[in-house]
Amino acid sequence: MIHDILLIVIGLIVGAIIGFFISRIIMKKYLKNNPPINEKMIEAMMSSMGRKPSQKQVNQVMKQMTKYM
């Protein structure tokens with residue numbers, strides 16, 4: 001009886017750990033293929049703040065964004 005309950009609890013814990021890592025890998029792959037922000041969005045954001053960004057500035061912001069993903 002106790003043995004069966006212990007196996008179920010251990011199985012749930014191991015399954016949760018494996019599920020966490022698999023979902024983390026899938027999410028990283030998804031965000032790499034479909035970034036939440038792109039260069040046009042950065043240009044629009046900087047333009048709305050009243051400045052015309054150069055391509056170098058846009059590239060710097062993109063590099064910072066991908067650094068933290």
# chains A, B, ... in the order shown; residues from 1 in each chain; ligands from 1
$ residues_around --residues "region 16-33 of chain A" --least-positions-apart "6" --cutoff "12 Å" --atoms "only C-alpha atoms" --output "PDB file with C-alpha atoms, in the first residue's frame"
ATOM      1  CA  VAL A   9       4.344  10.320  -5.900  1.00  0.00           C
ATOM      2  CA  ILE A  10       7.827   9.711  -7.313  1.00  0.00           C
ATOM      3  CA  MET A  65      16.726  41.889 -27.247  1.00  0.00           C
ATOM      4  CA  THR A  66      18.142  38.592 -28.557  1.00  0.00           C
ATOM      5  CA  LYS A  67      20.831  38.615 -25.870  1.00  0.00           C
ATOM      6  CA  TYR A  68      18.197  38.201 -23.165  1.00  0.00           C
ATOM      7  CA  MET A  69      16.133  35.537 -24.948  1.00  0.00           C
TER       8      MET A  69
END
$ residues_around --residues "Ser54 (chain A)" --least-positions-apart "6" --cutoff "12 Å" --atoms "only C-alpha atoms" --output "PyMOL selection string"
chain A and resi 39+42-43+46-47+60-61
$ closest_residue --among "A:Met62, A:Lys56, A:Gly11, A:Met49" --to "Pro36 (chain A)" --atoms "only C-alpha atoms"
A:Met62
$ select_by_dssp --residues "region 5-51 of chain A" --states "helix (DSSP H, G or I)" --output "ChimeraX atom specification"
/A:5-33,39-48
$ atom_distance --atom1 "CA of Ala44 (chain A)" --atom2 "CA of Gln57 (chain A)"
12.8 Å
$ closest_residue --among "A:Lys63, A:Ile13, A:Ile2, A:Ile8" --to "Asn38 (chain A)" --atoms "only C-alpha atoms"
A:Lys63
$ atom_distance --atom1 "CA of Asn34 (chain A)" --atom2 "CA of Arg51 (chain A)"
27.0 Å
